[in-house]
Structure formats: structure tokens, C-alpha cells
Amino acid sequence: MKGIWPILALTIVAVISGAVLSWIWDKTNPIITRMDREKEEIARRMLVVPEDIDLSMIPSGVYSWPNLGVKDRNGFESFKGKEGVQEYLLIWIDDLKKVHVKYNVPKDKAKFIEKAVEAINKSMKITPQICGDWDVYQLFKKAISSTVNFKKVLVLADGTKIEASKDGFIGKDGQKYVVKGDKVFCNGKEVKGKVYYIAYLGGKRVAAVFKVEPVGYSSKLPTLVAATFDGTVLGIKILSQSETPGLGARCVEIKEGEHEPWFQKQFSGLKVDEIYLTEKDEKPGKIHQITASTITSRAVTKGVREGVQEFLKMFGKEG
Amino acid sequence: MRFFRIIWDGITKENQVFKAALGLCPTLAVSTSVENAIGMGVAATLVLIGSNFVVSLIRNWVPKQVRIPIFIVVIATFVTAVDLTMHAYFPALHEKLGIFVPLIVVNCIILGRAEAFASKNNPFYSIADGIGIGIGFMLGLMLLATFREVLGAGTFLGKSLGIKEPALIMILPPGAFLTIGFLMAFFNWAGGDK
């Protein structure tokens, strides 16, 4: 009995730990997955909306952040808050492209909104300067981004494109493709394929958003890339990373006085053949690398470049 | 009171970074900026308090032969639980500290305190030890990070100090070894150790 006790004790501790952890996992995992999905969805929309929002591009209608379910003018005029939603911005763009708002935001932001609406109606544009405050600008941008519509297209390795229908991705031969996370399955078998989100703004096809997943120094770097059909990058967003703090992790660093990560911002507006590092790369490009983090910088740059190349190969003829 | 005495000792006499030279791997890795140092310090302190408490509770019941594996299981469970809970309920905090939490599993200070203190003392004093050692670790990290960030990046807590050409080597690994060498020498000299 004496010889068994240590083994037993270790087993008991391991079993208890396992039970505790799986209980915690059951509680937390749905929340974490949901948050990740929401974060990705918001990022996808925000990437497509240009930094300077031209109101003539935006169809008249009612937009809100977060989604308040208000569809038309009557809904806007009778709106008096929604249960459970404390902070919101509701925008109604009328047929003359005049902007009306209803909002509930922290006091120090409210004064900016009133001023911003006046300025927006004068210049017909929404920009960070016109809004005067970054958070307010972000609120406007988030609300406007609800106007972006996505059509999901699954592209298989051989170039076959399958548009998503109500029942999911159904191929020509009636095969059903199931997308789970970043993997695509057909009849239970994994097949190579990638989902592209084709973005429509005001009924016009403006860009595509897709995910690339380069491997950095110590972690995967899932990154959303938005590109127009002529191959110009609109923007990228690194969704998660666990690179070395102080070095590679600076790929998401926001400098003092700025609002967006400087490394990722460099990609905006570049063409495929410009997406190289300025130094130590196959070709001189336009991306300044993160000091002492060549591997991370190169991984992201290469991942984005190859993603855009593949996207152009698949969709280039349509553009 | 002994409770506070233990906390004070944890910060000074038993300082794990400068006196015991334990936990150097995370110390050197994350002391590139003061913000990281605070993050790692807070996360490690929380885990230390928790694991010290649990280990102390089960101390009389754990067979000698398998105490190390059991302590490791307890610590790993604790770290994973903290990580998951923080991710789900405090996402903003997790975004900042997230990278440090998994590092704590392999932090030998936690196992060291479980073995050296918590397995021999009652839960009340073990919590005191967790607080003291945790704060001592955090202060050590911050001191190291202050030198490295100011000299290596020319900033403090992310704010520019207007240094034109910072010595990059200070935020690279050699800078870490240099800094800790000098600091350790200083503390041993100041503390009167032979």
C-alpha cells in the first residue's frame, strides 16, 4: 500500500486538475471564440472602409454602432435607446446626404460628435481631422462600416470558385464544402481552399478581404488583408501574435500620439511589387522593418505579398 | 508581525532576481520595456500567491517522492486557469499581459517558492511569501527594464526622452546580461555580502 500511495496521489492531483481545467474551458471557450469571431468581423469591415469616407459613396440609409436593428427614417426618429446597449451611435444619412445622429457616449466625447456632424455636413466627408477626436472618428467609421456587404467565395486549389448560398458552399457537382476555422472539408476529407470575402460598398464591388497566416519568430501571425481587384493593398490587420515582447511584438505597437500600429499602416496603398522590406529582402521594397526583428517583419511582408499574388491569380482576370 | 516581515524579506533579503538569481530566463526576456516588466510582475505575483496558497494547503498530504510533479501540476493548472479566465472576462487586460502568462509555467521562482516555503509553512504565511516574492520580482524587473529601455530605446514607459541615438544593444540579449551583471554586483556590494 505504501508504494502505491505516491502514484495514487499524483493521479488524484492530475485528475482533479484535469477536471477543473475542462470545467473552466467549457465556461470560457465559447466566450473566447465568440469574441475572436466578432473581432475578426469588425476588423474585416473596418479594413474595407477608406480612411477618408466620402459620403457620396455611401448610400442613404440608417447605420448604427453597435447594430441596433434600426432600418429606416421612421425607426431613426422614434429611436429612444435599446435595452442592454449603453453606448451607441445611430446615423441617418438622408437623400440629400445630410447626416443626422442620435448617440449615447461618454460626456467628454459628446461635444465632439455635435461639432463633427456640423463639419461633416459642410464637407460631405468623414475624416479624423473633421471629427476632431479619434474615438469619435472610430465610432463614425464603425457605424458606416455596417454598410459594407460581404459575399463569401470559396476558391479551391484548382481555381474553382464557389459562392456561398443559403445552404453553405455547394459545388457544381452538388458536393458540399464545409469551412471550419481556416480549414475546408469535403465529405469529411480536408481539401485545399481559401475563403475570400468580396466586399460591396453602396452596391459596388470594392475589394476583397482574405486571411493569410505567416509564421513569425515564435508564433503564427493570422493577418487579414484587404486588397482591391487591381492589386492595391487597402490595409492589413494582424489579428493575434505572441512574438518576443519588445522586439517582434512591436508589429502591433502603436506609437505615442498615433492611433494605428505603424508597422501595419505601411502596407496601405502598396502594389504587389512594392511589398518587400527596404533592406535584406529579395528586392528593395517600401516596408521599413521592425528594429532587430527581421524574421517577424519578413514573415508578415512575405505572407501579405503571397496572399495578394494568389488573390490576383484567382481573381485578376475579373478586375 | 511576522506576516509583514515575510513580505519585506521577500522584497529585500530573499529577492529572487538579485539575491537568489532565479527566474532569469523570463527576467532577461521581458525586461525590454518597463511596461512589459510591470505586466510580467503582476501576472507572476498573482500566480505566486495562488500556487503558494494551494501548495501550502496540501503540503501535509503530498508524498515526498512525488512532490515536485504534484507542485508542477498545481502551478500549471493555476496558470492555465488564470490565462483562460483572463482571456474570457478581462479581454483588455489579457491583450496586454497575455504573452506573459504562459511564460510563468516555466518560471522557476514559482516552483522554488512552492518547494522552499509553501510546503513548509501554513497558508497564511505562504500568501505573505507570495506577495513579497512577487513584488520583489516585479521591482527587480522594473529596475532592469528602466535601464534597458532608457538606454536602449530612449523611452520610459513608451514616452520619448529625446535621446537621439539610443544604444540598441541594451534591448538586445547582451544588454540584458550586462545590466543584470552590474546590478547584481551593486546589490551584493551594497548588501555587504562576500
# chains A, B, ... in the order shown; residues from 1 in each chain; ligands from 1

call {"tool": "interface_residues", "arguments": {"of": "chain B", "to": "chain A", "cutoff": "9 Å", "atoms": "only C-alpha atoms", "output": "short mmCIF file (atom, residue, chain, number, x, y, z; two decimals) with N, CA, C and O atoms, in the first residue's frame"}}
result
data_model
loop_
_atom_site.label_atom_id
_atom_site.label_comp_id
_atom_site.auth_asym_id
_atom_site.auth_seq_id
_atom_site.Cartn_x
_atom_site.Cartn_y
_atom_site.Cartn_z
N ALA B 29 14.23 38.11 -20.67
CA ALA B 29 13.45 38.19 -21.91
C ALA B 29 12.47 39.36 -21.92
O ALA B 29 12.30 40.01 -22.94
N VAL B 30 11.82 39.62 -20.79
CA VAL B 30 10.77 40.64 -20.85
C VAL B 30 11.17 41.99 -20.28
O VAL B 30 10.37 42.90 -20.23
N SER B 31 12.44 42.13 -19.86
CA SER B 31 12.81 43.43 -19.30
C SER B 31 13.23 44.42 -20.38
O SER B 31 14.03 45.30 -20.15
N THR B 32 12.66 44.27 -21.58
CA THR B 32 12.99 45.21 -22.65
C THR B 32 12.28 46.54 -22.50
O THR B 32 12.72 47.55 -23.02
N SER B 33 11.13 46.53 -21.81
CA SER B 33 10.47 47.81 -21.55
C SER B 33 9.80 47.75 -20.19
O SER B 33 9.44 46.68 -19.70
N ASN B 36 6.33 46.10 -20.07
CA ASN B 36 6.37 44.64 -20.05
C ASN B 36 6.73 44.13 -18.67
O ASN B 36 6.19 43.13 -18.19
N TRP B 61 -0.16 16.39 2.91
CA TRP B 61 -0.84 15.26 2.30
C TRP B 61 -0.04 14.72 1.12
O TRP B 61 -0.23 13.60 0.69
N VAL B 62 0.90 15.56 0.63
CA VAL B 62 1.67 15.19 -0.56
C VAL B 62 2.84 14.27 -0.20
O VAL B 62 3.64 14.60 0.67
N PRO B 63 2.92 13.08 -0.83
CA PRO B 63 4.05 12.19 -0.56
C PRO B 63 5.36 12.82 -1.03
O PRO B 63 5.40 13.44 -2.09
N LYS B 64 6.43 12.64 -0.25
CA LYS B 64 7.72 13.26 -0.56
C LYS B 64 8.23 12.91 -1.95
O LYS B 64 8.78 13.77 -2.65
N GLN B 65 8.06 11.63 -2.32
CA GLN B 65 8.66 11.16 -3.58
C GLN B 65 8.14 11.91 -4.81
O GLN B 65 8.86 12.10 -5.78
N VAL B 66 6.85 12.27 -4.77
CA VAL B 66 6.26 12.85 -5.99
C VAL B 66 5.88 14.32 -5.79
O VAL B 66 5.05 14.84 -6.50
N ARG B 67 6.51 15.01 -4.80
CA ARG B 67 6.07 16.38 -4.53
C ARG B 67 6.32 17.31 -5.71
O ARG B 67 5.48 18.15 -6.03
N PRO B 69 6.47 16.72 -9.12
CA PRO B 69 5.44 16.63 -10.16
C PRO B 69 4.11 17.21 -9.71
O PRO B 69 3.44 17.91 -10.49
N ILE B 70 3.75 16.96 -8.46
CA ILE B 70 2.46 17.48 -7.99
C ILE B 70 2.46 19.00 -7.97
O ILE B 70 1.52 19.64 -8.42
N VAL B 73 2.08 20.26 -11.47
CA VAL B 73 0.70 20.14 -11.95
C VAL B 73 -0.15 21.26 -11.36
O VAL B 73 -0.93 21.91 -12.07
N VAL B 74 0.02 21.51 -10.07
CA VAL B 74 -0.75 22.58 -9.42
C VAL B 74 -0.47 23.93 -10.09
O VAL B 74 -1.38 24.68 -10.45
N ALA B 76 0.83 24.56 -13.09
CA ALA B 76 0.38 24.61 -14.49
C ALA B 76 -1.13 24.80 -14.55
O ALA B 76 -1.64 25.57 -15.37
N THR B 77 -1.84 24.10 -13.67
CA THR B 77 -3.30 24.24 -13.63
C THR B 77 -3.67 25.69 -13.33
O THR B 77 -4.51 26.28 -13.98
N PHE B 78 -2.99 26.23 -12.34
CA PHE B 78 -3.29 27.59 -11.93
C PHE B 78 -3.04 28.58 -13.06
O PHE B 78 -3.86 29.45 -13.33
N THR B 80 -2.92 28.02 -16.31
CA THR B 80 -3.89 27.85 -17.39
C THR B 80 -5.23 28.46 -17.02
O THR B 80 -5.87 29.13 -17.84
N ALA B 81 -5.65 28.21 -15.77
CA ALA B 81 -6.93 28.75 -15.33
C ALA B 81 -6.92 30.28 -15.37
O ALA B 81 -7.85 30.91 -15.88
N LEU B 84 -7.05 31.45 -19.09
CA LEU B 84 -8.36 31.31 -19.72
C LEU B 84 -9.37 32.31 -19.16
O LEU B 84 -10.10 32.98 -19.90
N THR B 85 -9.39 32.42 -17.83
CA THR B 85 -10.35 33.33 -17.20
C THR B 85 -10.11 34.77 -17.63
O THR B 85 -11.03 35.50 -17.96
N HIS B 87 -8.65 35.77 -20.34
CA HIS B 87 -8.96 35.93 -21.76
C HIS B 87 -10.46 36.14 -21.97
O HIS B 87 -10.88 36.97 -22.76
N ALA B 88 -11.27 35.38 -21.20
CA ALA B 88 -12.71 35.44 -21.43
C ALA B 88 -13.35 36.65 -20.77
O ALA B 88 -14.23 37.29 -21.35
N TYR B 89 -12.92 36.99 -19.55
CA TYR B 89 -13.64 38.02 -18.81
C TYR B 89 -12.91 39.36 -18.75
O TYR B 89 -13.53 40.37 -18.47
N PRO B 91 -10.74 40.79 -21.40
CA PRO B 91 -10.00 40.73 -22.67
C PRO B 91 -8.99 41.85 -22.84
O PRO B 91 -7.92 41.64 -23.40
N GLY B 98 -1.28 38.96 -21.86
CA GLY B 98 -1.46 37.62 -22.38
C GLY B 98 -0.19 36.86 -22.67
O GLY B 98 -0.07 35.67 -22.34
N ILE B 99 0.79 37.53 -23.26
CA ILE B 99 2.01 36.83 -23.64
C ILE B 99 2.84 36.40 -22.45
O ILE B 99 3.64 35.49 -22.56
N PHE B 100 2.64 37.02 -21.30
CA PHE B 100 3.48 36.69 -20.15
C PHE B 100 2.95 35.51 -19.37
O PHE B 100 3.70 34.80 -18.72
N GLY B 158 7.25 54.04 -22.68
CA GLY B 158 6.77 54.35 -24.03
C GLY B 158 6.88 55.82 -24.39
O GLY B 158 6.63 56.20 -25.52
N LYS B 159 7.25 56.70 -23.40
CA LYS B 159 7.34 58.13 -23.72
C LYS B 159 8.77 58.48 -24.09
O LYS B 159 9.70 58.10 -23.39
N SER B 160 8.91 59.23 -25.18
CA SER B 160 10.23 59.54 -25.67
C SER B 160 10.96 60.50 -24.71
O SER B 160 10.37 61.43 -24.18
N LEU B 168 21.21 50.46 -29.11
CA LEU B 168 20.30 49.35 -29.41
C LEU B 168 20.67 48.07 -28.66
O LEU B 168 19.80 47.28 -28.28
N ILE B 171 18.64 46.75 -25.56
CA ILE B 171 17.39 45.99 -25.55
C ILE B 171 17.58 44.62 -26.18
O ILE B 171 16.68 43.79 -26.16
N LEU B 172 18.76 44.36 -26.70
CA LEU B 172 19.05 43.02 -27.21
C LEU B 172 19.60 42.16 -26.06
O LEU B 172 20.00 42.68 -25.03
#

call {"tool": "residues_around", "arguments": {"residues": "A:Glu274", "least_positions_apart": "2", "cutoff": "9 Å", "atoms": "only C-alpha atoms", "output": "PDB file with N, CA and C atoms, in the first residue's frame"}}
result
ATOM      1  N   LEU A 270      -0.038  50.012 -51.041  1.00  0.00           N
ATOM      2  CA  LEU A 270       1.065  49.437 -51.809  1.00  0.00           C
ATOM      3  C   LEU A 270       0.572  48.463 -52.876  1.00  0.00           C
ATOM      4  N   LYS A 271       1.341  48.366 -53.971  1.00  0.00           N
ATOM      5  CA  LYS A 271       1.108  47.359 -55.001  1.00  0.00           C
ATOM      6  C   LYS A 271       1.947  46.116 -54.667  1.00  0.00           C
ATOM      7  N   VAL A 272       1.626  45.001 -55.341  1.00  0.00           N
ATOM      8  CA  VAL A 272       2.317  43.743 -55.032  1.00  0.00           C
ATOM      9  C   VAL A 272       3.833  43.889 -55.058  1.00  0.00           C
ATOM     10  N   TYR A 276       7.931  44.608 -50.264  1.00  0.00           N
ATOM     11  CA  TYR A 276       9.185  43.996 -49.823  1.00  0.00           C
ATOM     12  C   TYR A 276       9.764  44.897 -48.754  1.00  0.00           C
ATOM     13  N   LEU A 277      10.675  44.340 -47.947  1.00  0.00           N
ATOM     14  CA  LEU A 277      11.334  45.179 -46.954  1.00  0.00           C
ATOM     15  C   LEU A 277      12.309  46.118 -47.661  1.00  0.00           C
ATOM     16  N   LYS A 283      14.027  41.925 -53.080  1.00  0.00           N
ATOM     17  CA  LYS A 283      14.010  43.165 -53.833  1.00  0.00           C
ATOM     18  C   LYS A 283      13.835  44.305 -52.850  1.00  0.00           C
ATOM     19  N   PRO A 284      14.349  45.496 -53.165  1.00  0.00           N
ATOM     20  CA  PRO A 284      14.062  46.610 -52.258  1.00  0.00           C
ATOM     21  C   PRO A 284      12.593  47.015 -52.373  1.00  0.00           C
ATOM     22  N   GLY A 285      11.925  47.131 -51.258  1.00  0.00           N
ATOM     23  CA  GLY A 285      10.518  47.494 -51.275  1.00  0.00           C
ATOM     24  C   GLY A 285      10.255  48.713 -50.428  1.00  0.00           C
ATOM     25  N   LYS A 286       9.089  48.798 -49.875  1.00  0.00           N
ATOM     26  CA  LYS A 286       8.719  50.010 -49.149  1.00  0.00           C
ATOM     27  C   LYS A 286       8.382  49.791 -47.690  1.00  0.00           C
ATOM     28  N   ILE A 287       8.575  48.558 -47.201  1.00  0.00           N
ATOM     29  CA  ILE A 287       8.230  48.292 -45.804  1.00  0.00           C
ATOM     30  C   ILE A 287       9.481  48.448 -44.935  1.00  0.00           C
ATOM     31  N   ARG A 305       2.357  39.569 -49.224  1.00  0.00           N
ATOM     32  CA  ARG A 305       2.671  39.607 -50.650  1.00  0.00           C
ATOM     33  C   ARG A 305       2.144  38.363 -51.355  1.00  0.00           C
TER      34      ARG A 305
END

call {"tool": "atom_distance", "arguments": {"atom1": "atom CA of A:Leu96", "atom2": "atom CA of A:Tyr200"}}
result
21.9 Å

call {"tool": "residues_around", "arguments": {"residues": "B:Ala114", "least_positions_apart": "2", "cutoff": "10 Å", "atoms": "only C-alpha atoms", "output": "PyMOL selection string"}}
result
chain B and resi 48+51-56+59+67-68+71-72+74-75+108-112+116-121+126+129-130

call {"tool": "select_by_dssp", "arguments": {"residues": "stretch 3-181 of chain B", "states": "alpha helix (DSSP H)", "output": "PyMOL selection string"}}
result
chain B and resi 3-11+24-30+34-57+67-89+91-97+101-105+108-113+123-153+173-181

call {"tool": "atom_distance", "arguments": {"atom1": "atom CA of B:Leu144", "atom2": "atom CA of B:Ala21"}}
result
13.3 Å

call {"tool": "residues_around", "arguments": {"residues": "stretch 124-141 of chain A", "least_positions_apart": "5", "cutoff": "6 Å", "atoms": "only C-alpha atoms", "output": "mmCIF file with all heavy atoms, in the first residue's frame"}}
result
data_model
loop_
_atom_site.group_PDB
_atom_site.id
_atom_site.type_symbol
_atom_site.label_atom_id
_atom_site.label_comp_id
_atom_site.auth_asym_id
_atom_site.auth_seq_id
_atom_site.Cartn_x
_atom_site.Cartn_y
_atom_site.Cartn_z
ATOM 1 N N ASP A 52 -10.603 58.261 -45.455
ATOM 2 C CA ASP A 52 -11.451 59.418 -45.696
ATOM 3 C C ASP A 52 -12.744 58.924 -46.325
ATOM 4 O O ASP A 52 -12.754 58.469 -47.462
ATOM 5 C CB ASP A 52 -10.769 60.408 -46.652
ATOM 6 C CG ASP A 52 -9.578 61.066 -45.979
ATOM 7 O OD1 ASP A 52 -9.355 60.790 -44.778
ATOM 8 O OD2 ASP A 52 -8.874 61.831 -46.647
ATOM 9 N N ILE A 53 -13.815 59.008 -45.557
ATOM 10 C CA ILE A 53 -15.070 58.453 -46.045
ATOM 11 C C ILE A 53 -15.816 59.524 -46.842
ATOM 12 O O ILE A 53 -16.179 60.577 -46.311
ATOM 13 C CB ILE A 53 -15.929 57.954 -44.876
ATOM 14 C CG1 ILE A 53 -15.137 56.918 -44.062
ATOM 15 C CG2 ILE A 53 -17.226 57.344 -45.386
ATOM 16 C CD1 ILE A 53 -15.714 56.637 -42.703
ATOM 17 N N ASP A 54 -16.011 59.246 -48.119
ATOM 18 C CA ASP A 54 -16.716 60.169 -48.991
ATOM 19 C C ASP A 54 -18.202 59.822 -48.943
ATOM 20 O O ASP A 54 -18.604 58.723 -49.299
ATOM 21 C CB ASP A 54 -16.164 59.997 -50.420
ATOM 22 C CG ASP A 54 -16.755 61.019 -51.359
ATOM 23 O OD1 ASP A 54 -17.617 61.797 -50.900
ATOM 24 O OD2 ASP A 54 -16.356 61.022 -52.529
ATOM 25 N N LEU A 55 -19.012 60.779 -48.490
ATOM 26 C CA LEU A 55 -20.422 60.461 -48.281
ATOM 27 C C LEU A 55 -21.166 60.138 -49.574
ATOM 28 O O LEU A 55 -22.173 59.442 -49.561
ATOM 29 C CB LEU A 55 -21.130 61.605 -47.556
ATOM 30 C CG LEU A 55 -20.874 61.677 -46.050
ATOM 31 C CD1 LEU A 55 -21.751 62.733 -45.423
ATOM 32 C CD2 LEU A 55 -21.141 60.344 -45.384
ATOM 33 N N ALA A 116 -18.707 67.467 -34.994
ATOM 34 C CA ALA A 116 -18.342 66.643 -36.142
ATOM 35 C C ALA A 116 -19.476 66.608 -37.159
ATOM 36 O O ALA A 116 -19.254 66.743 -38.363
ATOM 37 C CB ALA A 116 -18.005 65.230 -35.683
#

call {"tool": "atom_distance", "arguments": {"atom1": "atom CA of A:Pro66", "atom2": "atom CA of A:Lys98"}}
result
21.1 Å

call {"tool": "select_by_dssp", "arguments": {"residues": "stretch 7-154 of chain A", "states": "strand (DSSP E or B)", "output": "VMD selection string"}}
result
chain A and resid 53 to 54 61 to 65 82 85 88 to 93 99 to 104 125 to 126 149 to 154
